[in-house]
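Engineer: Next up, target02.txt (compact mmCIF, C-alpha atoms and all ligand atoms).
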# COMPACT_ATOMS: atom_id res chain seq x y z
CA MET A 70 87.31 119.55 161.23
CA ALA A 71 87.62 119.44 157.49
CA ASP A 72 87.68 122.70 155.62
CA ILE A 73 84.42 122.38 153.71
CA ALA A 74 83.32 124.92 151.13
CA LEU A 75 79.67 125.46 151.96
CA PRO A 76 78.51 128.76 150.41
CA GLN A 77 78.03 127.56 146.83
CA PRO A 78 76.36 124.23 147.67
CA TYR A 79 74.23 126.07 150.22
CA ALA A 80 73.08 128.62 147.65
CA GLU A 81 72.02 125.75 145.37
CA HIS A 82 70.30 124.03 148.28
CA ILE A 83 68.24 127.13 149.07
CA SER A 84 67.36 127.64 145.45
CA LEU A 85 65.97 124.06 145.26
CA LEU A 86 64.08 124.48 148.52
CA ARG A 87 62.55 127.74 147.39
CA LYS A 88 61.37 126.06 144.22
CA ALA A 89 59.78 123.26 146.27
CA VAL A 90 58.03 125.83 148.48
CA ASP A 91 56.74 127.71 145.44
CA GLU A 92 55.32 124.47 144.03
CA ALA A 93 53.78 123.47 147.36
CA LEU A 94 52.12 126.87 147.71
CA ALA A 95 50.88 126.93 144.14
CA ARG A 96 49.34 123.46 144.51
CA THR A 97 47.70 124.18 147.83
CA GLY A 98 46.48 127.71 147.13
CA PHE A 99 48.50 129.56 149.76
CA ASP A 100 50.24 132.87 149.14
CA GLY A 101 53.12 132.42 151.56
CA LEU A 102 54.69 130.09 154.09
CA LEU A 103 55.77 130.91 157.60
CA ILE A 104 58.09 128.45 159.32
CA HIS A 105 58.49 128.80 163.06
CA ALA A 106 61.76 127.67 164.67
CA GLY A 107 60.00 126.33 167.75
CA THR A 108 58.89 127.06 171.28
CA PRO A 109 60.86 126.22 174.43
CA ARG A 110 59.03 123.69 176.63
CA THR A 111 59.38 122.52 180.21
CA TYR A 112 58.73 119.07 181.62
CA TYR A 113 55.22 118.53 182.94
CA GLU A 114 54.57 120.45 186.17
CA ASP A 115 58.18 121.56 186.26
CA ASP A 116 60.20 124.65 185.42
CA GLN A 117 63.09 122.64 183.94
CA GLU A 118 63.43 123.07 180.22
CA ILE A 119 63.45 120.15 177.81
CA PRO A 120 66.57 120.55 175.62
CA PHE A 121 65.40 122.60 172.65
CA ARG A 122 65.44 121.26 169.09
CA SER A 123 64.54 123.35 166.09
CA ASN A 124 61.53 122.51 164.00
CA PRO A 125 63.09 120.19 161.35
CA SER A 126 61.33 122.11 158.57
CA PHE A 127 63.13 125.24 159.81
CA ALA A 128 66.45 123.39 160.12
CA HIS A 129 66.02 122.25 156.52
CA PHE A 130 66.60 125.87 155.53
CA LEU A 131 69.24 127.05 157.94
CA PRO A 132 71.33 125.92 160.89
CA LEU A 133 70.32 128.77 163.22
CA SER A 134 69.79 127.38 166.70
CA GLY A 135 67.36 128.62 169.31
CA PRO A 136 63.59 129.11 169.51
CA HIS A 137 61.09 131.70 168.23
CA HIS A 138 62.72 132.70 164.92
CA LEU A 139 60.37 133.08 161.97
CA LEU A 140 61.15 132.34 158.36
CA TYR A 141 58.78 133.77 155.78
CA LEU A 142 58.75 132.54 152.19
CA ALA A 143 56.66 133.71 149.26
CA ALA A 144 57.05 133.22 145.51
CA GLY A 145 59.52 135.62 143.92
CA LYS A 146 60.61 137.14 147.26
CA ARG A 147 63.93 136.83 149.00
CA PRO A 148 63.35 134.68 152.12
CA LEU A 149 62.83 136.81 155.22
CA LEU A 150 64.39 135.64 158.48
CA ILE A 151 63.23 137.26 161.67
CA GLN A 152 65.81 136.34 164.23
CA VAL A 153 64.68 136.54 167.84
CA GLU A 154 67.45 137.29 170.31
CA PRO A 155 65.86 138.02 173.70
CA GLU A 156 67.44 140.59 175.95
CA ASP A 157 67.46 138.17 178.81
CA TYR A 158 70.20 137.77 181.41
CA TRP A 159 69.24 134.13 182.20
CA TYR A 160 70.55 132.76 178.94
CA GLU A 161 73.53 133.07 176.66
CA HIS A 162 72.99 135.06 173.48
CA THR A 163 73.75 133.53 170.12
CA ASP A 164 76.07 135.50 167.93
CA VAL A 165 76.05 133.84 164.52
CA GLY A 166 78.69 136.25 163.24
CA ASP A 167 79.51 136.34 159.59
CA THR A 168 78.22 132.93 158.61
CA PHE A 169 77.85 131.39 155.13
CA TRP A 170 74.05 131.17 155.10
CA LYS A 171 73.30 134.85 155.77
CA GLU A 172 73.67 135.84 152.11
CA GLU A 173 70.45 134.07 151.21
CA TYR A 174 68.14 136.01 153.52
CA GLU A 175 66.79 139.37 154.32
CA ILE A 176 67.38 139.41 158.08
CA ARG A 177 65.63 141.39 160.78
CA GLU A 178 66.43 141.06 164.45
CA THR A 179 63.95 141.44 167.29
CA SER A 180 64.18 140.83 171.01
CA THR A 181 60.74 139.29 171.60
CA PRO A 182 58.55 136.76 169.76
CA GLU A 183 55.75 139.33 169.85
CA ASP A 184 57.89 141.84 167.97
CA ALA A 185 58.89 139.14 165.51
CA TRP A 186 55.25 138.63 164.55
CA LYS A 187 54.64 142.40 164.45
CA THR A 188 57.43 142.93 161.98
CA LEU A 189 55.70 140.57 159.53
CA HIS A 190 53.30 142.13 157.09
CA PHE A 191 51.99 139.24 155.11
CA VAL A 192 49.27 139.53 152.56
CA GLY A 193 46.84 136.83 151.49
CA ARG A 194 46.53 133.31 152.90
CA ILE A 195 49.58 132.14 154.76
CA ALA A 196 50.42 128.57 155.74
CA TYR A 197 52.22 128.05 159.04
CA ILE A 198 54.53 125.17 159.94
CA GLY A 199 55.45 124.96 163.57
CA ASP A 200 54.78 123.70 167.07
CA ASN A 201 52.70 126.61 168.32
CA PRO A 202 49.27 126.69 166.64
CA GLN A 203 47.81 128.92 169.40
CA GLU A 204 50.42 131.59 168.71
CA ALA A 205 49.72 131.30 164.98
CA TYR A 206 45.92 131.67 165.43
CA ALA A 207 46.49 134.66 167.71
CA HIS A 208 48.34 136.35 164.87
CA GLY A 209 45.72 135.77 162.23
CA ILE A 210 46.72 132.42 160.72
CA GLU A 211 43.60 130.45 159.77
CA LYS A 212 42.92 127.09 161.43
CA ASP A 213 43.27 125.02 158.26
CA ALA A 214 46.51 126.83 157.41
CA VAL A 215 48.39 125.45 160.41
CA ASN A 216 50.61 122.54 159.44
CA PRO A 217 48.53 121.75 156.35
CA ASP A 218 49.12 118.19 155.10
CA GLY A 219 49.40 119.27 151.47
CA VAL A 220 52.27 121.67 152.18
CA LEU A 221 54.02 119.33 154.61
CA SER A 222 53.91 116.35 152.25
CA HIS A 223 55.53 118.43 149.49
CA LEU A 224 58.30 119.60 151.77
CA TYR A 225 58.85 116.14 153.24
CA TRP A 226 59.09 114.74 149.73
CA ARG A 227 61.72 117.37 148.94
CA ARG A 228 63.56 116.43 152.14
CA SER A 229 63.82 112.82 151.03
CA PHE A 230 66.09 113.87 148.13
CA LYS A 231 69.19 115.34 149.67
CA THR A 232 70.89 118.22 147.90
CA PRO A 233 74.68 118.09 147.47
CA TYR A 234 74.92 120.54 150.41
CA GLU A 235 73.01 118.12 152.63
CA ILE A 236 75.14 115.18 151.56
CA LEU A 237 78.25 117.20 152.46
CA CYS A 238 76.76 117.83 155.89
CA ILE A 239 75.83 114.19 156.51
CA ASP A 240 79.26 113.14 155.28
CA GLU A 241 80.91 115.50 157.76
CA ALA A 242 78.62 114.25 160.54
CA ASN A 243 79.97 110.78 159.72
CA HIS A 244 83.54 112.05 159.80
CA ILE A 245 83.06 113.61 163.23
CA ALA A 246 81.34 110.52 164.66
CA SER A 247 84.05 108.23 163.29
CA HIS A 248 86.63 109.85 165.59
CA GLY A 249 84.29 109.29 168.52
CA HIS A 250 83.90 105.62 167.57
CA GLU A 251 87.67 105.15 167.40
CA ARG A 252 88.15 106.75 170.78
CA ALA A 253 85.30 104.73 172.33
CA ARG A 254 86.68 101.52 170.82
CA ASP A 255 90.10 102.20 172.37
CA ALA A 256 88.47 102.86 175.74
CA PHE A 257 86.63 99.51 175.42
CA PHE A 258 89.83 97.69 174.54
CA ALA A 259 91.40 99.22 177.65
CA GLY A 260 88.59 97.69 179.76
CA ALA A 261 86.39 100.78 180.29
CA SER A 262 82.83 100.68 181.60
CA GLU A 263 79.78 101.69 179.57
CA LEU A 264 79.78 105.09 181.27
CA GLU A 265 83.48 105.64 180.60
CA ILE A 266 83.09 104.62 176.95
CA HIS A 267 80.21 107.08 176.59
CA GLU A 268 82.31 109.82 178.21
CA ALA A 269 85.26 109.04 175.95
CA TYR A 270 82.95 109.42 172.94
CA LEU A 271 81.63 112.79 174.11
CA GLU A 272 85.05 114.04 175.06
CA GLN A 273 86.35 113.23 171.61
CA LEU A 274 83.48 115.14 170.01
CA GLY A 275 83.93 117.95 172.53
CA ILE A 276 80.21 118.29 173.21
CA ILE A 277 77.58 117.69 175.85
CA GLU A 278 75.11 114.86 175.40
CA SER A 279 72.14 117.04 174.41
CA LYS A 280 74.06 118.12 171.28
CA LEU A 281 74.05 114.57 169.94
CA PRO A 282 71.44 113.67 167.33
CA TYR A 283 70.30 110.77 169.57
CA GLY A 284 71.29 109.21 172.87
CA THR A 285 74.29 106.92 172.52
CA ILE A 286 73.73 103.19 172.83
CA VAL A 287 76.80 101.90 174.66
CA ALA A 288 76.04 98.29 175.45
CA LEU A 289 78.41 95.69 176.84
CA ASN A 290 77.66 91.98 176.51
CA GLU A 291 74.01 90.93 177.06
CA LYS A 292 72.76 94.53 176.99
CA SER A 293 73.67 94.75 173.31
CA ALA A 294 70.49 92.73 172.67
CA ILE A 295 68.40 95.65 173.97
CA LEU A 296 67.72 97.61 170.82
CA HIS A 297 67.38 101.05 172.41
CA TYR A 298 69.50 100.47 175.53
CA GLN A 299 70.16 103.82 177.22
CA ASN A 300 71.65 102.93 180.59
CA LYS A 301 75.40 103.32 181.26
CA ARG A 302 76.61 100.66 183.68
CA LEU A 303 79.88 100.71 185.56
CA ILE A 304 80.82 97.10 184.74
CA GLU A 305 84.21 96.78 183.08
CA ASP A 306 86.12 94.39 180.83
CA GLY A 307 83.24 93.55 178.52
CA LYS A 308 83.65 90.93 175.81
CA VAL A 309 81.36 92.71 173.34
CA LEU A 310 80.70 96.40 172.78
CA LEU A 311 77.78 97.48 170.62
CA LEU A 312 78.19 101.21 170.04
CA ASP A 313 75.44 103.08 168.21
CA ALA A 314 76.42 106.75 168.20
CA GLY A 315 76.25 109.64 165.77
CA ALA A 316 77.12 113.29 165.48
CA SER A 317 75.59 116.45 164.06
CA TYR A 318 76.92 118.89 161.53
CA MET A 319 74.95 121.98 160.50
CA GLY A 320 71.87 120.26 161.89
CA TYR A 321 72.39 117.01 159.94
CA ALA A 322 72.89 113.67 161.66
CA SER A 323 74.99 110.59 161.24
CA ASP A 324 73.82 107.28 162.71
CA ILE A 325 76.57 104.69 163.02
CA THR A 326 76.80 101.33 164.75
CA ARG A 327 79.86 99.20 165.24
CA THR A 328 80.29 96.04 167.28
CA PHE A 329 83.74 95.55 168.80
CA LEU A 330 85.04 92.40 170.46
CA ALA A 331 87.62 91.77 173.16
CA GLU A 332 90.45 89.48 172.09
CA ASP A 333 89.21 86.63 174.28
CA CYS A 334 85.61 86.80 173.04
CA ASP A 335 83.96 83.50 172.05
CA VAL A 336 85.13 82.61 168.51
CA LEU A 337 81.63 81.65 167.49
CA PHE A 338 80.41 85.12 168.36
CA ALA A 339 83.36 86.57 166.45
CA GLY A 340 82.16 84.51 163.45
CA LEU A 341 78.74 86.05 163.83
CA VAL A 342 80.15 89.59 163.89
CA GLY A 343 82.39 88.90 160.88
CA GLY A 344 79.41 87.40 159.04
CA VAL A 345 77.14 90.38 159.75
CA ASP A 346 79.91 92.71 158.64
CA THR A 347 80.23 90.82 155.34
CA LEU A 348 76.51 90.66 154.63
CA GLN A 349 76.10 94.33 155.59
CA ARG A 350 78.74 95.31 153.01
CA GLU A 351 77.03 93.13 150.40
CA LEU A 352 73.70 94.82 151.08
CA CYS A 353 75.28 98.27 150.82
CA ASP A 354 77.02 97.34 147.58
CA VAL A 355 73.82 96.55 145.71
CA VAL A 356 72.14 99.86 146.53
CA LYS A 357 71.36 101.84 143.39
CA PRO A 358 68.39 103.71 141.96
CA GLY A 359 65.48 101.35 141.33
CA ILE A 360 66.06 98.96 144.22
CA PRO A 361 62.93 98.74 146.39
CA PHE A 362 63.91 98.97 150.02
CA PRO A 363 61.59 96.10 151.06
CA THR A 364 63.53 93.88 148.59
CA LEU A 365 66.76 94.82 150.34
CA HIS A 366 65.16 94.14 153.70
CA HIS A 367 64.06 90.70 152.50
CA ALA A 368 67.57 90.01 151.16
CA ALA A 369 68.96 90.90 154.60
CA HIS A 370 66.69 88.31 156.21
CA VAL A 371 67.79 85.59 153.79
CA LYS A 372 71.46 86.41 154.34
CA ILE A 373 70.99 86.45 158.11
CA GLY A 374 69.26 83.06 157.90
CA ASP A 375 72.12 81.69 155.81
CA LEU A 376 74.70 83.02 158.26
CA LEU A 377 72.90 81.50 161.25
CA HIS A 378 72.69 78.22 159.34
CA SER A 379 76.36 78.25 158.39
CA LEU A 380 77.27 78.68 162.08
CA ASP A 381 74.88 75.86 163.01
CA ILE A 382 72.73 78.17 165.15
CA ILE A 383 69.67 77.18 163.14
CA HIS A 384 69.11 73.97 161.21
CA VAL A 385 67.57 75.37 158.00
CA GLY A 386 68.91 77.62 155.22
CA GLY A 387 68.08 81.30 154.71
CA GLU A 388 64.98 81.07 152.49
CA GLU A 389 63.42 78.41 154.68
CA ALA A 390 64.30 80.32 157.86
CA VAL A 391 62.56 83.41 156.52
CA LYS A 392 59.47 81.39 155.59
CA GLU A 393 59.35 79.83 159.04
CA GLY A 394 59.65 83.27 160.67
CA LEU A 395 62.93 82.33 162.37
CA THR A 396 65.00 85.26 161.17
CA ARG A 397 62.57 87.74 162.73
CA ILE A 398 63.48 86.34 166.15
CA PHE A 399 67.11 87.30 165.62
CA PHE A 400 66.56 90.43 163.51
CA PRO A 401 63.35 92.08 164.70
CA HIS A 402 63.83 95.61 163.34
CA GLY A 403 63.87 97.26 159.94
CA LEU A 404 67.00 97.23 157.80
CA GLY A 405 67.15 101.01 157.82
CA HIS A 406 65.52 104.40 157.62
CA PHE A 407 65.99 107.74 155.94
CA LEU A 408 68.56 109.97 157.59
CA GLY A 409 68.99 113.74 157.49
CA ILE A 410 67.97 116.50 159.84
CA GLN A 411 66.17 113.85 161.83
CA VAL A 412 67.84 110.57 162.61
CA HIS A 413 64.67 108.82 161.49
CA ASP A 414 63.98 111.27 158.71
CA VAL A 415 60.64 111.93 157.08
CA GLY A 416 59.19 110.59 153.86
CA GLY A 417 60.23 106.94 154.22
CA ASN A 418 56.89 105.61 153.09
CA GLN A 419 55.66 108.42 150.84
CA LYS A 420 54.55 107.55 147.31
CA GLY A 421 54.96 111.08 145.98
CA PRO A 422 54.73 114.75 146.93
CA GLU A 423 50.99 114.51 147.55
CA GLY A 424 51.58 112.34 150.58
CA ASP A 425 50.08 108.98 149.57
CA ILE A 426 51.68 106.13 151.47
CA VAL A 427 53.44 102.92 150.35
CA LEU A 428 52.41 100.35 152.96
CA PRO A 429 55.04 97.95 154.28
CA PRO A 430 54.73 94.24 153.36
CA SER A 431 52.42 92.43 155.79
CA GLU A 432 55.25 90.31 157.22
CA HIS A 433 57.26 93.45 158.08
CA PRO A 434 54.61 95.90 159.30
CA LYS A 435 57.08 98.15 161.10
CA LEU A 436 59.37 98.81 158.14
CA ARG A 437 60.04 102.56 158.19
CA LEU A 438 61.32 102.65 154.64
CA THR A 439 59.07 101.24 151.93
CA ARG A 440 60.26 103.31 148.99
CA THR A 441 62.36 102.48 146.00
CA ALA A 442 65.88 103.93 146.15
CA ALA A 443 66.41 107.04 144.03
CA GLU A 444 69.30 109.43 143.53
CA GLY A 445 69.67 111.74 146.51
CA ASN A 446 68.11 109.42 149.09
CA VAL A 447 70.24 108.91 152.18
CA PHE A 448 69.44 106.00 154.44
CA THR A 449 70.97 103.61 156.92
CA VAL A 450 71.73 99.96 156.27
CA GLU A 451 71.82 98.31 159.67
CA PRO A 452 71.36 94.56 159.84
CA GLY A 453 71.83 92.84 163.18
CA ILE A 454 71.59 89.52 164.96
CA TYR A 455 70.53 89.52 168.61
CA PHE A 456 69.78 86.96 171.29
CA ILE A 457 66.73 88.62 172.81
CA PRO A 458 65.39 86.65 175.80
CA ILE A 459 61.72 87.61 175.36
CA LEU A 460 61.71 86.57 171.69
CA LEU A 461 63.67 83.36 172.29
CA LYS A 462 61.41 82.38 175.19
CA LYS A 463 58.40 82.28 172.90
CA ILE A 464 59.94 79.84 170.45
CA ARG A 465 61.70 77.64 173.01
CA THR A 466 58.41 75.86 173.65
CA ASP A 467 56.97 76.26 170.13
CA ALA A 468 56.56 73.49 167.54
CA LYS A 469 59.47 75.06 165.64
CA LYS A 470 61.87 74.79 168.56
CA ASP A 471 63.83 71.93 166.98
CA LEU A 472 64.85 74.16 164.09
CA LEU A 473 67.14 75.98 166.51
CA ASN A 474 70.35 74.86 168.19
CA TRP A 475 69.64 75.76 171.80
CA ASN A 476 73.10 74.74 173.05
CA LEU A 477 74.71 77.37 170.86
CA ILE A 478 72.00 79.95 171.53
CA ASP A 479 72.44 79.55 175.29
CA ARG A 480 76.19 79.83 174.86
CA LEU A 481 75.96 83.06 172.84
CA ALA A 482 73.05 84.78 174.63
CA PRO A 483 75.22 86.31 177.40
CA LEU A 484 77.09 88.18 174.65
CA GLY A 485 73.92 89.96 173.50
CA GLY A 486 74.05 90.82 169.84
CA VAL A 487 75.69 92.50 166.89
CA ARG A 488 74.63 95.36 164.63
CA ILE A 489 76.61 97.13 161.91
CA GLU A 490 75.19 100.37 160.57
CA ASP A 491 76.38 102.63 157.76
CA ASN A 492 74.89 105.70 156.09
CA ILE A 493 74.37 105.34 152.35
CA ALA A 494 73.76 108.06 149.78
CA VAL A 495 72.15 106.90 146.53
CA THR A 496 73.93 108.33 143.48
CA LYS A 497 72.96 108.40 139.82
CA GLU A 498 74.34 104.94 139.12
CA GLY A 499 74.96 103.37 142.50
CA ASN A 500 75.77 104.62 145.96
CA GLU A 501 78.34 106.22 148.19
CA ASN A 502 78.97 104.79 151.61
CA LEU A 503 79.40 107.89 153.79
CA THR A 504 80.56 105.86 156.80
CA ARG A 505 83.08 103.25 155.65
CA ARG A 506 85.34 105.92 154.21
CA TYR A 507 85.98 106.97 157.81
CA ILE A 508 85.51 103.88 159.96
N1 LIG A 601 70.34 104.93 166.40
C1 LIG A 601 69.01 104.55 166.18
C2 LIG A 601 68.88 103.77 164.94
O1 LIG A 601 69.83 103.16 164.50
O2 LIG A 601 67.87 103.77 164.30
MN MN A 602 69.64 103.79 162.46
MN MN A 603 71.83 103.70 164.98
Using structure tokens, write down the structure from this file.
Structural biologist:
Amino acid sequence: MADIALPQPYAEHISLLRKAVDEALARTGFDGLLIHAGTPRTYYEDDQEIPFRSNPSFAHFLPLSGPHHLLYLAAGKRPLLIQVEPEDYWYEHTDVGDTFWKEEYEIRETSTPEDAWKTLHFVGRIAYIGDNPQEAYAHGIEKDAVNPDGVLSHLYWRRSFKTPYEILCIDEANHIASHGHERARDAFFAGASELEIHEAYLEQLGIIESKLPYGTIVALNEKSAILHYQNKRLIEDGKVLLLDAGASYMGYASDITRTFLAEDCDVLFAGLVGGVDTLQRELCDVVKPGIPFPTLHHAAHVKIGDLLHSLDIIHVGGEEAVKEGLTRIFFPHGLGHFLGIQVHDVGGNQKGPEGDIVLPPSEHPKLRLTRTAAEGNVFTVEPGIYFIPILLKKIRTDAKKDLLNWNLIDRLAPLGGVRIEDNIAVTKEGNENLTRRYI
């Protein structure tokens, strides 16, 4: 792993976050903010625990894993971290040691959640952000102070502008994942199954699956047209591998997709992959402050239409294909989403810190990102072209069916689809591609 200097960028990060909290509290009339790390949960009617993930608002401040911790913030006060380390022989204890983030907090340690709450002596009206409202009420937090929209929208707005510390973390998450992609690609070229490719990826990262930011999509051939394919088949010697896999660093995610082809893959499909790679780079290149994301999404559709036309898969050019709704059959998801602590990070359709929403255009109702790019935003750019049987079936008997070349579609459908996905940080004048520098 790279030797990354974190203390200074982290200190700046915390200073910006504290300022955002102060503003949120001042605007909403609260005197302090309590952020709860989270509560362990089991599956319904079961004693098996669901893998724990920290409350993202807690992870925004510090990369301390595990449940129950409390973080208390109030204007002009050093943040107070109450770290809960149960004396419990069922589970491993976390020893954070002498880590870079400790400097920024007053830290108290307790062995029970109950003691953590007791050690707090807050005054005035306190807002609570967390997954356990009942626990908050039981300790005197008022009903309308639990996850209040006004506070959350301010903090989500802040989260949509990454600090240099956060960009370092997302960059490193890309670096780590890139090694996994290389290893998985080599396994694919050696004829490995989906399960073996997945295992090669994890082995390279040296982690168990629950430590990934999201479940890997390891799809050979026709399964690459299933957008959130999670199975891992044992079939070998695939012609196409769509690998969508990321990594985490200090709680921040990367989200990367590559589509690899066996040497004897259909040349037409290879043309499609090369074309998507080119148009994906073009879309990344134009990212700069001021570009509305829906405009970029529309541009992706036109380029995809033009590519399909140039390969004779459809009989009309890009603009016409978009108007006729053809490109949505082949590219039925959004061009991208914010990325950070969460893979699909918050704030993608916020108008401002107050939480008003920018609606997506009516023809793309599911677009997660409707904002205009600004310095500090980090998002994915992930165009794709897929042969999805349920979408193709609808148009095969439609009046528009003659706009498509069914011979070629039927030839390519067993190969599934292609997606290329990079993580882009918007800079003052343009952007930095955090993925292509590694893979
Ligand atoms: N890996 C999920 C996505 O690309 O959004
Ligand atoms: Mn993505
Ligand atoms: Mn992805």
Engineer: Compute the set of protein, DNA and RNA residues whose minimum atom distance to ligand MN 603 (chain A) is at most 6 Å, using only C-alpha atoms and all ligand atoms, and state it as an MDAnalysis selection string.
Structural biologist: chainID A and resid 313 324:326
Engineer: Would you please work out which residue, of A:Gly193, A:Pro430, A:Gly107, A:Pro282, is nearest to ligand LIG 601 (chain A) when using all atoms listed in the file?
Structural biologist: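 The closest residue to ligand LIG 601 (chain A) is A:Pro282.
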Engineer: Counting all atoms listed in the file, which residues of chain A sit at most 12 Å from some atom of ligand LIG 601 (chain A), and what is each one's closest atom pair with its distance in Å to one decimal, listed by chain and rising residue number, as CSV?
Structural biologist:
residue,atom,partner,partner_atom,distance
A:Leu281,CA,A:LIG601,N1,10.9
A:Pro282,CA,A:LIG601,N1,8.9
A:Tyr283,CA,A:LIG601,N1,6.6
A:Gly284,CA,A:LIG601,N1,7.8
A:Thr285,CA,A:LIG601,N1,7.6
A:Ile286,CA,A:LIG601,N1,7.5
A:Val287,CA,A:LIG601,N1,10.9
A:Ile295,CA,A:LIG601,C1,11.8
A:Leu296,CA,A:LIG601,C1,8.4
A:His297,CA,A:LIG601,C1,7.3
A:Tyr298,CA,A:LIG601,N1,10.2
A:Gln299,CA,A:LIG601,N1,10.9
A:Leu311,CA,A:LIG601,N1,11.3
A:Leu312,CA,A:LIG601,N1,9.4
A:Asp313,CA,A:LIG601,N1,5.7
A:Ala314,CA,A:LIG601,N1,6.6
A:Gly315,CA,A:LIG601,N1,7.6
A:Ala316,CA,A:LIG601,N1,10.8
A:Ala322,CA,A:LIG601,N1,10.3
A:Ser323,CA,A:LIG601,N1,9.0
A:Asp324,CA,A:LIG601,N1,5.6
A:Ile325,CA,A:LIG601,O1,7.1
A:Thr326,CA,A:LIG601,O1,7.2
A:Arg327,CA,A:LIG601,O1,10.8
A:His402,CA,A:LIG601,O2,9.2
A:Gly403,CA,A:LIG601,O2,8.8
A:Leu404,CA,A:LIG601,O2,9.3
A:Gly405,CA,A:LIG601,O2,7.1
A:His406,CA,A:LIG601,O2,7.1
A:Phe407,CA,A:LIG601,O2,9.4
A:Leu408,CA,A:LIG601,O2,9.2
A:Gln411,CA,A:LIG601,O2,10.5
A:Val412,CA,A:LIG601,O2,7.0
A:His413,CA,A:LIG601,O2,6.6
A:Asp414,CA,A:LIG601,O2,10.1
A:Leu436,CA,A:LIG601,O2,11.6
A:Arg437,CA,A:LIG601,O2,10.0
A:Leu438,CA,A:LIG601,O2,11.7
A:Phe448,CA,A:LIG601,O2,10.2
A:Thr449,CA,A:LIG601,O1,7.7
A:Val450,CA,A:LIG601,O1,9.0
A:Glu451,CA,A:LIG601,O1,7.1
A:Pro452,CA,A:LIG601,O1,9.9
A:Gly453,CA,A:LIG601,O1,10.6
A:Arg488,CA,A:LIG601,O1,9.2
A:Ile489,CA,A:LIG601,O1,9.4
A:Glu490,CA,A:LIG601,O1,7.2
A:Asp491,CA,A:LIG601,O1,9.4
A:Asn492,CA,A:LIG601,O1,10.1
Engineer: Between atom CA of A:Gly340 and atom CA of A:Arg480, measure the distance and give it in Å to one decimal.
Structural biologist: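 Pair atom CA of A:Gly340 / atom CA of A:Arg480 returns 13.7 Å.
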Engineer: Would you work out the distance separating atom CA of A:Gly101 from atom CA of A:Asp425, expressed in Å to one decimal?
Structural biologist: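 Atom CA of A:Gly101 sits 23.7 Å away from atom CA of A:Asp425.
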Engineer: So how far away is atom CA of A:Gly166 from atom CA of A:His138, in Å?
Structural biologist: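 Between these atoms lies a distance of 16.4 Å.
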Engineer: So which one's closest to A:Asp479, A:Glu173, A:Glu156, A:Glu291, A:Glu332? Using only C-alpha atoms, please.
Structural biologist: A:Glu291
